[in-house]
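To keep things clear, I will list the structure first and then write my remarks on it.
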Amino acid sequence: MQTKNKPEEGERRNKIRFPLQRELRYKLLEDDTNVIETGAGYTLDIGSGGVAFCADGELKPGAFIELSISWPVLLDERCPMRLIVFGRLLRAVGRLSACTVDRYEFRTQARSFARATVRQDSMLERWADSWTKETAKLQAAG
């Protein structure tokens, strides 16, 4: 496992990622308002700055993304958890993609997994809207 503080030569990341292969579901948002794609895949590596993953299709870089990743540790040794990541899709080459981790939270998940469902609570839309407003405010001030 990599424990160096400085990135290796040729490495673009500022933060360490750890190899972790877990099932995930994703939602892509375009223009802060429209969910343009949903799908599934698995993580390749994960860190506090980003996630590399393999999606079931080719994704569009630049879009806001929400990842729902199955977490390998149970809450109270009995309740499955999911890591929810909000970020921007940085790169996509074929089915391999990488995104930032701008916000995250843990949630409990149902004990039985019958079918992947897409939440309709617009949390991704609210986060993307606030991110866009904050970015515009910073650009106007700078």
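Residue names in the structure tokens use chain letters A, B, ... in the order shown, residue numbers from 1 in each chain, and ligand numbers from 1 in the order shown.
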
Item to check | DSSP alpha helix (DSSP H) residues within chain A, as a ChimeraX atom specification | outcome: /A:123-141

Write a file of the selected residues as a PDB file, in the first residue's frame, keeping C-alpha atoms.
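Just written: result_19.pdb:
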ATOM      1  CA  MET A 123     -29.900  15.987  -3.764  1.00  0.00           C
ATOM      2  CA  LEU A 124     -27.480  15.916  -6.708  1.00  0.00           C
ATOM      3  CA  GLU A 125     -29.349  18.805  -8.330  1.00  0.00           C
ATOM      4  CA  ARG A 126     -29.269  20.879  -5.112  1.00  0.00           C
ATOM      5  CA  TRP A 127     -25.551  20.224  -4.626  1.00  0.00           C
ATOM      6  CA  ALA A 128     -24.721  21.069  -8.269  1.00  0.00           C
ATOM      7  CA  ASP A 129     -26.739  24.293  -8.050  1.00  0.00           C
ATOM      8  CA  SER A 130     -24.969  25.420  -4.859  1.00  0.00           C
ATOM      9  CA  TRP A 131     -21.565  24.462  -6.349  1.00  0.00           C
ATOM     10  CA  THR A 132     -22.281  26.497  -9.488  1.00  0.00           C
ATOM     11  CA  LYS A 133     -23.433  29.540  -7.471  1.00  0.00           C
ATOM     12  CA  GLU A 134     -20.381  29.367  -5.172  1.00  0.00           C
ATOM     13  CA  THR A 135     -18.031  29.075  -8.176  1.00  0.00           C
ATOM     14  CA  ALA A 136     -19.686  32.062  -9.890  1.00  0.00           C
ATOM     15  CA  LYS A 137     -19.383  34.083  -6.667  1.00  0.00           C
ATOM     16  CA  LEU A 138     -15.668  33.264  -6.379  1.00  0.00           C
ATOM     17  CA  GLN A 139     -15.048  34.153 -10.030  1.00  0.00           C
ATOM     18  CA  ALA A 140     -16.860  37.475  -9.631  1.00  0.00           C
ATOM     19  CA  ALA A 141     -14.837  38.322  -6.496  1.00  0.00           C
TER      20      ALA A 141
END

Checklist entry - Neighbours of Asp45 in chain A within 6 Å (only C-alpha atoms; same-chain residues fewer than 5 positions away dropped), as a count of residues only? => result 6

Next on the checklist: List the spatial neighbours of Ala110 in chain A as a ChimeraX atom specification - criterion: any atom at most 9 Å away, only C-alpha atoms, same-chain residues fewer than 6 positions off excluded.
Outcome noted: /A:79-81

Next on the checklist: So that I can see what lies close to Leu59 in chain A, please list as an NGL selection string the residues with an atom at most 12 Å from it, counting only C-alpha atoms and leaving out residues fewer than 4 positions away in the same chain.
Outcome noted: :A and (26-30 or 36-41 or 53-55 or 63-65 or 88-99)

Next on the checklist: What does the structure give for the distance between CA of Lys15 in chain A and CA of Thr100 in chain A, in Å to one decimal?
Outcome noted: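 CA of Thr100 in chain A lies 11.2 Å from CA of Lys15 in chain A.
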
Checklist entry - Interatomic distance between CA of Arg22 in chain A and CA of Ser122 in chain A? => result 24.2 Å

Next on the checklist: Set the distance at 7 Å and use only C-alpha atoms: which residues neighbour Val101 in chain A once local chain neighbours fewer than 6 positions away are removed? I'd like the list as a ChimeraX atom specification.
Outcome noted: /A:48-50,85-87

Checklist entry - as number ranges by chain, which residues of range 62-118 of chain A does DSSP assign to strand (DSSP E or B)? => result A: 64-70, 75, 79, 81-93, 96-100, 103-108

Item to check | Pairwise distance for CA of Phe106 in chain A and CA of Glu66 in chain A, rounded to one decimal in Å | outcome: 12.8 Å
